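Text of target_3.tsv (TSV, C-alpha atoms and all ligand atoms) as supplied:
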```tsv
chain	number	residue	atom	x	y	z
A	8	MET	CA	-21.33	-10.03	-47.24
A	9	LYS	CA	-23.45	-9.63	-44.16
A	10	ILE	CA	-23.93	-6.57	-41.99
A	11	GLY	CA	-25.09	-7.26	-38.45
A	12	LEU	CA	-26.88	-4.96	-36.02
A	13	MET	CA	-26.63	-5.28	-32.24
A	14	CYS	CA	-29.30	-3.27	-30.45
A	15	GLY	CA	-31.51	-3.23	-27.39
A	16	ARG	CA	-34.86	-1.62	-26.77
A	17	GLU	CA	-34.98	0.66	-29.78
A	18	TYR	CA	-38.14	1.16	-31.75
A	19	SER	CA	-37.55	3.09	-34.94
A	20	PHE	CA	-33.91	2.68	-35.99
A	21	PRO	CA	-33.23	-1.09	-36.27
A	22	GLN	CA	-35.73	-2.10	-38.95
A	23	ALA	CA	-35.31	1.13	-40.91
A	24	PHE	CA	-31.54	0.61	-40.95
A	25	ILE	CA	-31.77	-3.06	-41.95
A	26	ASP	CA	-34.22	-2.27	-44.74
A	27	ARG	CA	-32.09	0.56	-46.05
A	28	VAL	CA	-28.86	-1.48	-46.09
A	29	ASN	CA	-30.63	-4.32	-47.86
A	30	GLN	CA	-31.86	-1.83	-50.42
A	31	ILE	CA	-28.58	-0.03	-51.19
A	32	GLY	CA	-26.33	-3.06	-50.69
A	33	ALA	CA	-28.19	-5.39	-53.04
A	34	THR	CA	-26.05	-4.67	-56.09
A	35	ASP	CA	-22.89	-5.52	-54.12
A	36	GLY	CA	-24.36	-8.65	-52.56
A	37	ILE	CA	-24.60	-7.01	-49.12
A	38	THR	CA	-27.41	-7.97	-46.76
A	39	ALA	CA	-28.25	-6.81	-43.25
A	40	GLU	CA	-29.91	-8.46	-40.27
A	41	LEU	CA	-29.95	-8.50	-36.49
A	42	VAL	CA	-26.92	-10.37	-35.14
A	43	SER	CA	-27.89	-13.62	-33.48
A	44	LEU	CA	-25.57	-14.97	-30.77
A	45	GLY	CA	-25.88	-18.16	-28.76
A	46	GLY	CA	-22.41	-18.97	-27.51
A	47	THR	CA	-19.22	-17.76	-29.18
A	48	PRO	CA	-16.42	-20.28	-29.87
A	49	MET	CA	-13.03	-18.60	-29.66
A	50	ASP	CA	-11.78	-19.84	-33.04
A	51	LYS	CA	-14.87	-19.29	-35.14
A	52	PRO	CA	-14.93	-16.28	-37.48
A	53	SER	CA	-17.88	-13.95	-37.20
A	54	ASP	CA	-20.69	-14.39	-39.72
A	55	TYR	CA	-20.56	-10.65	-40.31
A	56	ARG	CA	-18.23	-8.42	-42.28
A	57	VAL	CA	-19.42	-5.33	-40.40
A	58	ILE	CA	-21.26	-5.13	-37.08
A	59	VAL	CA	-22.94	-2.01	-35.73
A	60	ASP	CA	-22.89	-2.40	-31.96
A	61	ARG	CA	-25.37	-0.27	-30.04
A	62	ILE	CA	-25.81	-2.38	-26.92
A	63	SER	CA	-22.66	-4.14	-25.73
A	64	HIS	CA	-22.21	-1.49	-23.01
A	65	GLU	CA	-25.21	-3.09	-21.28
A	66	VAL	CA	-24.50	-6.79	-21.87
A	67	GLU	CA	-21.10	-8.17	-20.96
A	68	TYR	CA	-21.44	-11.27	-23.15
A	69	TYR	CA	-22.03	-9.08	-26.17
A	70	ARG	CA	-18.86	-7.10	-25.48
A	71	GLY	CA	-16.80	-10.29	-25.37
A	72	ALA	CA	-18.40	-11.49	-28.59
A	73	MET	CA	-17.65	-8.15	-30.29
A	74	LYS	CA	-13.97	-8.35	-29.32
A	75	ASN	CA	-13.79	-11.87	-30.70
A	76	ALA	CA	-15.44	-10.73	-33.93
A	77	VAL	CA	-12.73	-8.06	-34.34
A	78	LEU	CA	-10.06	-10.68	-33.69
A	79	HIS	CA	-11.41	-12.69	-36.59
A	80	GLY	CA	-11.49	-9.73	-38.96
A	81	ALA	CA	-14.94	-8.20	-38.57
A	82	TYR	CA	-15.24	-4.43	-38.65
A	83	VAL	CA	-17.12	-3.42	-35.51
A	84	ILE	CA	-18.57	0.06	-35.09
A	85	ASN	CA	-17.63	1.17	-32.49
A	86	ASN	CA	-14.31	-0.43	-31.64
A	87	PRO	CA	-15.17	-2.57	-28.56
A	88	PHE	CA	-11.61	-2.47	-27.21
A	89	TRP	CA	-11.47	1.29	-27.01
A	90	TRP	CA	-15.02	1.61	-25.77
A	91	THR	CA	-14.11	-0.71	-22.90
A	92	ALA	CA	-11.15	1.49	-21.98
A	93	ASP	CA	-12.65	4.95	-22.46
A	94	ASP	CA	-13.99	7.32	-19.81
A	95	LYS	CA	-15.13	10.92	-19.74
A	96	PHE	CA	-12.33	12.24	-17.55
A	97	PHE	CA	-9.59	10.83	-19.77
A	98	ASN	CA	-11.44	12.31	-22.73
A	99	TYR	CA	-11.48	15.78	-21.22
A	100	ALA	CA	-7.79	15.66	-20.39
A	101	LEU	CA	-6.86	14.31	-23.81
A	102	MET	CA	-8.86	16.79	-25.82
A	103	ASP	CA	-7.55	19.64	-23.69
A	104	LYS	CA	-4.07	18.57	-24.84
A	105	LEU	CA	-5.27	18.35	-28.44
A	106	GLY	CA	-6.50	21.94	-28.49
A	107	CYS	CA	-10.27	21.70	-27.93
A	108	ALA	CA	-11.96	24.02	-25.44
A	109	ILE	CA	-12.69	21.88	-22.38
A	110	PRO	CA	-14.21	23.02	-19.08
A	111	LYS	CA	-11.71	22.65	-16.25
A	112	THR	CA	-12.33	19.24	-14.75
A	113	VAL	CA	-11.08	17.37	-11.73
A	114	LEU	CA	-11.51	13.67	-10.94
A	115	ILE	CA	-12.53	13.06	-7.35
A	116	PRO	CA	-12.41	10.05	-5.05
A	117	GLN	CA	-15.60	8.01	-4.86
A	118	LYS	CA	-18.10	8.55	-2.08
A	119	ALA	CA	-18.25	4.79	-1.46
A	120	TYR	CA	-16.84	1.52	-2.73
A	121	PRO	CA	-18.24	-1.89	-3.62
A	122	ALA	CA	-19.15	-3.97	-0.60
A	123	ASP	CA	-16.24	-6.36	-1.01
A	124	ILE	CA	-13.65	-3.62	-0.57
A	125	ASP	CA	-12.54	-3.59	3.05
A	126	LEU	CA	-13.01	-0.06	4.30
A	127	ALA	CA	-10.26	-0.42	6.87
A	128	PRO	CA	-7.80	2.46	6.39
A	129	GLU	CA	-5.09	0.28	4.85
A	130	SER	CA	-7.39	-0.78	1.98
A	131	LEU	CA	-7.52	2.75	0.70
A	132	ARG	CA	-4.12	3.90	1.86
A	133	ASN	CA	-3.51	5.91	-1.31
A	134	LEU	CA	-6.40	8.22	-0.58
A	135	LYS	CA	-5.74	11.51	1.14
A	136	PHE	CA	-8.34	12.64	3.68
A	137	PRO	CA	-9.96	14.98	4.25
A	138	ILE	CA	-10.54	16.15	0.69
A	139	ASP	CA	-9.85	19.86	0.27
A	140	TRP	CA	-13.18	20.70	-1.34
A	141	ASP	CA	-12.53	24.43	-1.31
A	142	ALA	CA	-9.34	23.96	-3.31
A	143	LEU	CA	-11.17	21.81	-5.85
A	144	LEU	CA	-13.92	24.41	-6.17
A	145	ASP	CA	-11.31	27.13	-6.54
A	146	TYR	CA	-9.82	25.15	-9.44
A	147	VAL	CA	-13.04	24.69	-11.42
A	148	GLY	CA	-14.83	27.84	-10.23
A	149	ARG	CA	-18.31	28.36	-8.81
A	150	PRO	CA	-20.92	27.28	-9.75
A	151	ALA	CA	-19.70	23.87	-10.82
A	152	ILE	CA	-21.09	20.65	-12.25
A	153	LEU	CA	-20.68	17.35	-10.42
A	154	LYS	CA	-21.14	14.38	-12.76
A	155	PRO	CA	-20.01	10.79	-13.26
A	156	TYR	CA	-16.65	10.15	-14.84
A	157	SER	CA	-18.30	7.53	-16.96
A	158	GLY	CA	-22.04	7.65	-17.30
A	159	GLY	CA	-25.00	8.71	-19.36
A	160	GLY	CA	-28.69	9.45	-19.34
A	161	TRP	CA	-28.20	12.63	-17.29
A	162	LYS	CA	-27.98	10.56	-14.12
A	163	HIS	CA	-26.15	12.04	-11.13
A	164	VAL	CA	-25.49	15.37	-12.84
A	165	TYR	CA	-25.69	18.17	-10.26
A	166	LYS	CA	-25.14	21.91	-10.47
A	167	VAL	CA	-23.64	23.16	-7.21
A	168	ASN	CA	-23.02	26.74	-6.14
A	169	ASP	CA	-20.82	26.23	-3.12
A	170	ARG	CA	-19.13	23.73	-0.84
A	171	ARG	CA	-22.32	22.96	1.10
A	172	GLU	CA	-24.26	22.11	-2.06
A	173	LEU	CA	-21.32	20.16	-3.42
A	174	LEU	CA	-21.14	17.98	-0.31
A	175	ALA	CA	-24.92	17.44	-0.30
A	176	ALA	CA	-24.77	16.27	-3.93
A	177	TYR	CA	-21.64	14.18	-3.37
A	178	GLU	CA	-23.48	12.30	-0.59
A	179	GLN	CA	-25.86	10.92	-3.23
A	180	THR	CA	-23.23	9.64	-5.65
A	181	ALA	CA	-22.15	6.33	-4.09
A	182	PRO	CA	-20.69	4.16	-5.53
A	183	TYR	CA	-19.91	6.12	-8.68
A	184	CYS	CA	-16.66	7.83	-9.50
A	185	MET	CA	-17.33	11.50	-10.16
A	186	THR	CA	-15.81	14.55	-11.77
A	187	LEU	CA	-16.19	18.15	-10.71
A	188	GLN	CA	-16.32	20.50	-13.67
A	189	GLN	CA	-16.36	24.17	-14.51
A	190	PHE	CA	-19.91	25.32	-15.23
A	191	ILE	CA	-20.32	26.68	-18.75
A	192	ASN	CA	-22.99	29.37	-18.83
A	193	PHE	CA	-23.88	28.54	-22.40
A	194	ASP	CA	-26.14	30.45	-24.73
A	195	GLN	CA	-26.26	27.70	-27.35
A	196	TYR	CA	-25.97	23.92	-27.21
A	197	VAL	CA	-25.41	21.44	-30.03
A	198	ARG	CA	-25.25	17.69	-30.29
A	199	CYS	CA	-23.31	16.45	-33.31
A	200	PHE	CA	-24.13	13.20	-35.05
A	201	THR	CA	-21.01	11.60	-36.42
A	202	PHE	CA	-20.87	9.01	-39.19
A	203	GLY	CA	-17.37	7.71	-39.56
A	204	LYS	CA	-14.80	9.88	-37.85
A	205	THR	CA	-15.10	13.03	-39.94
A	206	ASP	CA	-18.66	13.32	-41.28
A	207	ILE	CA	-20.13	15.60	-38.62
A	208	THR	CA	-23.65	17.02	-38.41
A	209	PRO	CA	-24.12	19.58	-35.63
A	210	VAL	CA	-27.74	19.83	-34.50
A	211	ALA	CA	-29.31	22.48	-32.31
A	212	TYR	CA	-30.37	20.93	-29.03
A	213	ASP	CA	-32.91	22.21	-26.52
A	214	VAL	CA	-31.33	21.17	-23.24
A	215	LYS	CA	-34.43	21.91	-21.13
A	216	GLU	CA	-36.77	19.83	-23.29
A	217	ARG	CA	-34.01	17.37	-24.25
A	218	ARG	CA	-35.02	17.65	-27.89
A	219	TYR	CA	-33.18	17.99	-31.15
A	220	LEU	CA	-34.28	20.98	-33.23
A	221	VAL	CA	-34.20	21.42	-36.99
A	222	ASP	CA	-32.55	24.82	-37.43
A	223	HIS	CA	-29.94	24.93	-40.13
A	224	ASN	CA	-28.88	28.49	-39.31
A	225	TYR	CA	-28.43	27.92	-35.58
A	226	LEU	CA	-24.65	28.37	-35.52
A	227	SER	CA	-22.61	31.12	-37.11
A	228	SER	CA	-20.31	29.76	-39.80
A	229	GLU	CA	-17.31	30.50	-37.58
A	230	VAL	CA	-18.63	28.57	-34.58
A	231	GLY	CA	-20.01	25.84	-36.86
A	232	SER	CA	-16.59	25.31	-38.47
A	233	ARG	CA	-14.90	25.06	-35.11
A	234	VAL	CA	-17.52	22.62	-33.82
A	235	VAL	CA	-17.00	20.40	-36.87
A	236	ARG	CA	-13.21	20.61	-36.64
A	237	ASP	CA	-13.14	19.80	-32.91
A	238	ALA	CA	-15.63	16.94	-33.34
A	239	GLN	CA	-13.43	15.49	-36.07
A	240	THR	CA	-10.39	15.75	-33.83
A	241	ILE	CA	-12.26	13.98	-31.04
A	242	ASN	CA	-13.29	11.06	-33.23
A	243	LEU	CA	-9.89	10.82	-34.92
A	244	ALA	CA	-8.24	10.68	-31.51
A	245	LEU	CA	-10.66	8.23	-29.91
A	246	GLY	CA	-11.59	6.13	-32.94
A	247	TYR	CA	-15.36	6.54	-32.68
A	248	GLU	CA	-17.35	6.28	-35.90
A	249	MET	CA	-20.85	6.44	-34.44
A	250	ASN	CA	-21.00	9.03	-31.72
A	251	THR	CA	-22.84	12.05	-30.38
A	252	ILE	CA	-20.53	14.91	-29.47
A	253	GLU	CA	-21.99	17.67	-27.34
A	254	PHE	CA	-20.82	21.27	-27.21
A	255	ALA	CA	-21.98	24.07	-24.92
A	256	ILE	CA	-21.27	27.41	-26.58
A	257	GLN	CA	-20.43	30.40	-24.44
A	258	ASP	CA	-19.33	33.71	-25.98
A	259	GLY	CA	-18.63	32.00	-29.31
A	260	VAL	CA	-16.43	29.29	-27.79
A	261	PRO	CA	-17.71	25.70	-28.16
A	262	TYR	CA	-16.78	23.75	-25.02
A	263	ALA	CA	-16.84	19.99	-25.54
A	264	ILE	CA	-19.09	18.67	-22.75
A	265	ASP	CA	-19.71	15.02	-23.54
A	266	TYR	CA	-18.30	12.89	-26.32
A	267	LEU	CA	-18.55	9.39	-24.93
A	268	ASN	CA	-21.90	8.58	-26.55
A	269	PRO	CA	-20.99	5.69	-28.85
A	270	ALA	CA	-24.54	4.30	-28.87
A	271	PRO	CA	-26.26	7.56	-29.73
A	272	ASP	CA	-29.98	8.12	-29.41
A	273	PHE	CA	-31.46	7.35	-32.85
A	274	GLU	CA	-35.13	7.33	-31.81
A	275	ARG	CA	-37.24	9.11	-34.43
A	276	ASP	CA	-39.45	10.93	-31.93
A	277	ARG	CA	-36.51	12.46	-30.14
A	278	ILE	CA	-34.16	13.26	-33.00
A	279	THR	CA	-36.98	14.46	-35.34
A	280	PRO	CA	-38.12	12.71	-38.55
A	281	PHE	CA	-35.73	14.92	-40.54
A	282	TYR	CA	-32.61	13.78	-38.67
A	283	PHE	CA	-33.91	10.24	-38.36
A	284	ASP	CA	-34.00	9.88	-42.16
A	285	MET	CA	-30.53	11.37	-42.37
A	286	VAL	CA	-29.17	9.03	-39.67
A	287	VAL	CA	-30.63	5.92	-41.35
A	288	ASP	CA	-29.21	7.01	-44.68
A	289	LYS	CA	-25.74	7.92	-43.43
A	290	MET	CA	-25.36	4.90	-41.17
A	291	SER	CA	-26.36	2.64	-44.06
A	292	ASN	CA	-23.89	4.28	-46.43
A	293	LEU	CA	-21.19	4.02	-43.76
A	294	VAL	CA	-21.57	0.28	-43.22
A	295	VAL	CA	-21.74	-0.48	-46.94
A	296	ASP	CA	-18.57	1.54	-47.43
A	297	ARG	CA	-16.84	-0.28	-44.55
A	298	ALA	CA	-17.99	-3.66	-45.90
A	299	LEU	CA	-16.47	-2.86	-49.28
A	300	ASN	CA	-13.40	-0.86	-48.23
A	301	GLY	CA	-12.83	-1.02	-44.48
A	302	HIS	CA	-9.96	-2.67	-42.71
A	303	PRO	CA	-10.34	-3.79	-39.09
A	304	SER	CA	-7.60	-1.49	-37.84
A	305	GLN	CA	-9.23	1.65	-39.16
A	306	CYS	CA	-11.46	2.20	-36.16
A	307	TRP	CA	-8.60	2.32	-33.68
A	308	PRO	CA	-7.92	5.46	-31.68
A	309	ARG	CA	-5.06	7.69	-32.79
A	310	TRP	CA	-4.43	9.89	-29.80
A	311	GLU	CA	-0.88	8.74	-29.15
A	312	GLU	CA	0.17	9.63	-32.68
A	313	MET	CA	-1.68	12.94	-32.54
A	314	LEU	CA	0.20	13.84	-29.38
A	315	GLY	CA	3.47	12.66	-30.87
A	316	ILE	CA	4.06	10.06	-28.17
A	317	GLY	CA	3.08	6.89	-30.02
A	318	PRO	CA	4.41	4.89	-32.95
A	319	ALA	CA	4.94	7.17	-35.96
A	320	THR	CA	2.69	5.74	-38.64
A	321	GLY	CA	1.94	8.68	-40.81
A	322	PHE	CA	0.10	11.33	-38.79
A	323	THR	CA	1.35	14.62	-40.12
A	324	GLY	CA	-0.95	17.19	-38.53
A	325	ALA	CA	-0.25	19.31	-35.50
A	326	PRO	CA	-2.35	18.67	-32.41
A	327	GLY	CA	-5.83	20.02	-32.95
A	328	THR	CA	-5.79	19.70	-36.73
A	329	THR	CA	-7.79	17.16	-38.63
A	330	THR	CA	-5.39	16.05	-41.34
A	331	ALA	CA	-4.81	12.62	-39.90
A	332	PRO	CA	-5.59	9.70	-42.17
A	333	GLN	CA	-9.04	8.33	-41.55
W	1	LIG	N1	-19.72	21.77	-17.62
W	1	LIG	C1	-21.03	21.98	-17.81
W	1	LIG	N2	-21.53	23.23	-17.83
W	1	LIG	C2	-22.85	23.46	-17.99
W	1	LIG	N3	-23.76	22.48	-18.16
W	1	LIG	C3	-23.33	21.21	-18.15
W	1	LIG	C4	-21.94	20.88	-17.99
W	1	LIG	N4	-21.81	19.54	-18.02
W	1	LIG	C5	-23.06	19.06	-18.19
W	1	LIG	N5	-23.96	20.05	-18.29
W	1	LIG	C6	-25.42	19.90	-18.48
W	1	LIG	O1	-25.83	18.62	-18.05
W	1	LIG	C7	-26.33	17.87	-19.14
W	1	LIG	C8	-25.91	16.42	-19.00
W	1	LIG	O2	-24.49	16.35	-18.96
W	1	LIG	P1	-23.67	15.19	-19.70
W	1	LIG	O3	-24.04	15.19	-21.15
W	1	LIG	O4	-22.27	15.37	-19.36
W	1	LIG	O5	-24.30	13.93	-18.96
W	1	LIG	P2	-24.98	12.64	-19.59
W	1	LIG	O6	-25.28	11.77	-18.44
W	1	LIG	O7	-24.13	12.14	-20.70
W	1	LIG	O8	-26.34	13.20	-20.19
W	1	LIG	P3	-27.00	12.85	-21.60
W	1	LIG	O9	-27.26	11.37	-21.60
W	1	LIG	O10	-28.23	13.71	-21.63
W	1	LIG	O11	-26.01	13.24	-22.65
W	1	LIG	C9	-25.80	18.55	-20.40
W	1	LIG	O12	-26.68	18.37	-21.49
W	1	LIG	C10	-25.76	20.00	-19.95
W	1	LIG	O13	-27.03	20.59	-20.08
W	2	MG	MG	-24.37	13.80	-22.56
```

Step by step, read the file and then write its structure as structure tokens.
Amino acid sequence: MKIGLMCGREYSFPQAFIDRVNQIGATDGITAELVSLGGTPMDKPSDYRVIVDRISHEVEYYRGAMKNAVLHGAYVINNPFWWTADDKFFNYALMDKLGCAIPKTVLIPQKAYPADIDLAPESLRNLKFPIDWDALLDYVGRPAILKPYSGGGWKHVYKVNDRRELLAAYEQTAPYCMTLQQFINFDQYVRCFTFGKTDITPVAYDVKERRYLVDHNYLSSEVGSRVVRDAQTINLALGYEMNTIEFAIQDGVPYAIDYLNPAPDFERDRITPFYFDMVVDKMSNLVVDRALNGHPSQCWPRWEEMLGIGPATGFTGAPGTTTAPQ
């Protein structure tokens, strides 16, 4: 059985991961390599039993190839269908319903639209103008965070104190769709690595320096348990098996800030050698386990069942619990 890795400009993770899988998979006849794609026939099964996809968000062809691989029975981490559909605003609204602490968030109309949309009034007749910015600020509170509804790399994230600052920031956001969010005045911040849906490792994170810290006593056991439980709920609902889930902790309450990071940063220099070794180890164990035991459907999201509005296929926990089958 072959494990394939899809990745872009990454320096430390790819070879370390491939070497480790080749090492631990040898007794089961499992080998790992970079996936090689040069045109994907629709009726040809994938060469790989499991694919770890860390780049198809940047390359459209890759995303199509990943979907086709799933169709033919490959186990792709992360599920390319859900990843295509997901966005941060939906995530906030969903996890609010499922009992996680979520900053109040509002989705706002874009500042501008792609050039081929006719800006004549009838093209955008569903939009109400002018926007009542004061009402939106009243809803989320002041200060507030303005940030993309689907984005990453800390781009277009603005802290605004009032309407004037909000409008000045909004001016710079074309053509992105943005959210306005309650500002969490956090005293602690963690980023959780997740391996599979329920194996969660919260890591102290220095937001100013954008660095992971090795501090095993950073969280109290109470906050740590809630962080782990909420991160599990997030992955169980959304189907992610390789993710970074971020929490800002204010007065002992972990607010989930960002959990659409399905190609997490695995660069040794940034995540520290300690967590790098752990990530390589756990990701390798995960793919070997999925190669031997995984079924393609297991990486699908479960939020409809968890909310009790989807097909009843065995979820027995109440919203916010983590007893769903994995
Ligand atoms: N509601 C909030 N309250 C306080 N700070 C926030 C809030 N939302 C975002 N931030 C700050 O902005 C940073 C970036 O936000 P977010 O993670 O949502 O964006 P991103 O583009 O995914 O960034 P990254 O790639 O660094 O994860 C967070 O690490 C946090 O420091
Ligand atoms: Mg983030």

- [ ] Compute the set of protein, DNA and RNA residues whose minimum atom distance to ligand LIG 1 (chain W) is at most 9 Å, using all atoms listed in the file, and state it as a PyMOL selection string.
- [x] chain A and resi 95+109-112+151-166+187-193+196+198+212-215+217+251-255+262-268+272

- [ ] Determine, counting all atoms listed in the file, which protein, DNA and RNA residues have an atom within 8 Å of an atom of Leu144 in chain A; residues of the same chain fewer than 5 positions away are not included. Present the result as a ChimeraX atom specification.
- [x] /A:149,151,169-170

Any chance you could work out the axis-aligned box around range 143-157 of chain A, listed atoms only, 3 Å on each side, giving centre and edge lengths in Å to one decimal, as lines of an AutoDock Vina configuration file?
```
center_x = -15.5
center_y = 17.9
center_z = -11.4
size_x = 17.3
size_y = 26.8
size_z = 17.1
```

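Atom to atom, CA of Ala122 in chain A and CA of Glu67 in chain A stand 20.9 Å apart.
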
- [ ] Give the answer as one residue: which of A:Leu243, A:Val235, A:Ala298, A:Val197 has the shortest atom-to-atom distance to ligand MG 2 (chain W), using all atoms listed in the file?
- [x] A:Val197

Task: Nearby residues (all atoms listed in the file) at most 9 Å from range 221-234 of chain A, same-chain spacing under 5 positions excluded, as a PyMOL selection string - done: chain A and resi 195+197+199+207+209-212+239+254+256+259-263+279+281-282

Using C-alpha atoms, can you export the residues from the last selection as a PDB file, keeping the file's coordinate frame?
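Ended up saving to again_27.pdb:
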```pdb
ATOM      1  CA  GLN A 195     -26.260  27.700 -27.350  1.00  0.00           C
ATOM      2  CA  VAL A 197     -25.410  21.440 -30.030  1.00  0.00           C
ATOM      3  CA  CYS A 199     -23.310  16.450 -33.310  1.00  0.00           C
ATOM      4  CA  ILE A 207     -20.130  15.600 -38.620  1.00  0.00           C
ATOM      5  CA  PRO A 209     -24.120  19.580 -35.630  1.00  0.00           C
ATOM      6  CA  VAL A 210     -27.740  19.830 -34.500  1.00  0.00           C
ATOM      7  CA  ALA A 211     -29.310  22.480 -32.310  1.00  0.00           C
ATOM      8  CA  TYR A 212     -30.370  20.930 -29.030  1.00  0.00           C
ATOM      9  CA  GLN A 239     -13.430  15.490 -36.070  1.00  0.00           C
ATOM     10  CA  PHE A 254     -20.820  21.270 -27.210  1.00  0.00           C
ATOM     11  CA  ILE A 256     -21.270  27.410 -26.580  1.00  0.00           C
ATOM     12  CA  GLY A 259     -18.630  32.000 -29.310  1.00  0.00           C
ATOM     13  CA  VAL A 260     -16.430  29.290 -27.790  1.00  0.00           C
ATOM     14  CA  PRO A 261     -17.710  25.700 -28.160  1.00  0.00           C
ATOM     15  CA  TYR A 262     -16.780  23.750 -25.020  1.00  0.00           C
ATOM     16  CA  ALA A 263     -16.840  19.990 -25.540  1.00  0.00           C
ATOM     17  CA  THR A 279     -36.980  14.460 -35.340  1.00  0.00           C
ATOM     18  CA  PHE A 281     -35.730  14.920 -40.540  1.00  0.00           C
ATOM     19  CA  TYR A 282     -32.610  13.780 -38.670  1.00  0.00           C
TER      20      TYR A 282
END
```

- [ ] To one decimal in Å, tell me the separation between CA of Arg275 in chain A and CA of Asn85 in chain A.
- [x] 21.2 Å

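For the choices A:Leu12, A:Ile278, A:Ile31, A:Cys107, the atom-to-atom distance to Tyr219 in chain A is smallest for A:Ile278 when using only C-alpha atoms.
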
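Closest to Gln117 in chain A among A:Glu178, A:Asp284, A:Asp54, A:Asp94 is A:Glu178, based on all atoms listed in the file.
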
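Across A:Asp258, A:Glu248, A:Asp237, A:Asp60, the tightest approach to Gly106 in chain A is made by A:Asp237 when counting all atoms listed in the file.
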
TODO: Could you check how far CA of Leu134 in chain A sits from CA of Asn168 in chain A, in Å to one decimal?
DONE: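 Going from CA of Leu134 in chain A over to CA of Asn168 in chain A, I get 25.5 Å.
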
If we count only C-alpha atoms, what is near Gln30 in chain A at a cut-off of 10 Å, once residues fewer than 6 positions away on the same chain are taken out, given as a compact mmCIF listing (two decimals) with C-alpha atoms, keeping the file's coordinate frame?
```txt
# COMPACT_ATOMS: atom_id res chain seq x y z
CA PHE A 24 -31.54 0.61 -40.95
CA ILE A 37 -24.60 -7.01 -49.12
CA THR A 38 -27.41 -7.97 -46.76
CA ALA A 39 -28.25 -6.81 -43.25
CA SER A 291 -26.36 2.64 -44.06
```

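The residue that comes closest to Glu216 in chain A, out of A:Lys135, A:Arg277, A:Arg297, A:Lys289 and on the basis of only C-alpha atoms, is A:Arg277.
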
Open item on the list: Using all atoms listed in the file for the distances, tell me which of A:Leu299, A:Leu314, A:Tyr68, A:Asn75 is nearest to Lys9 in chain A.
Closed with: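 Selected residue with least distance to Lys9 in chain A: A:Leu299.
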
Open item on the list: I want to know what sits within 12 Å of Lys74 in chain A, based on all atoms listed in the file, with residues of the same chain fewer than 3 positions away left out; could you give that as a list of chain:residue names?
Closed with: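 Skipping anything fewer than 3 positions along the chain leaves A:Thr47, A:Met49, A:Pro52, A:Ser53, A:Ile58, A:Asp60, A:Ser63, A:Glu67, A:Tyr68, A:Tyr69, A:Arg70, A:Gly71, A:Val77, A:Leu78, A:His79, A:Gly80, A:Ala81, A:Tyr82, A:Val83, A:Ile84, A:Asn85, A:Asn86, A:Pro87, A:Phe88, A:Trp89, A:Trp90, A:Thr91, A:Pro303.
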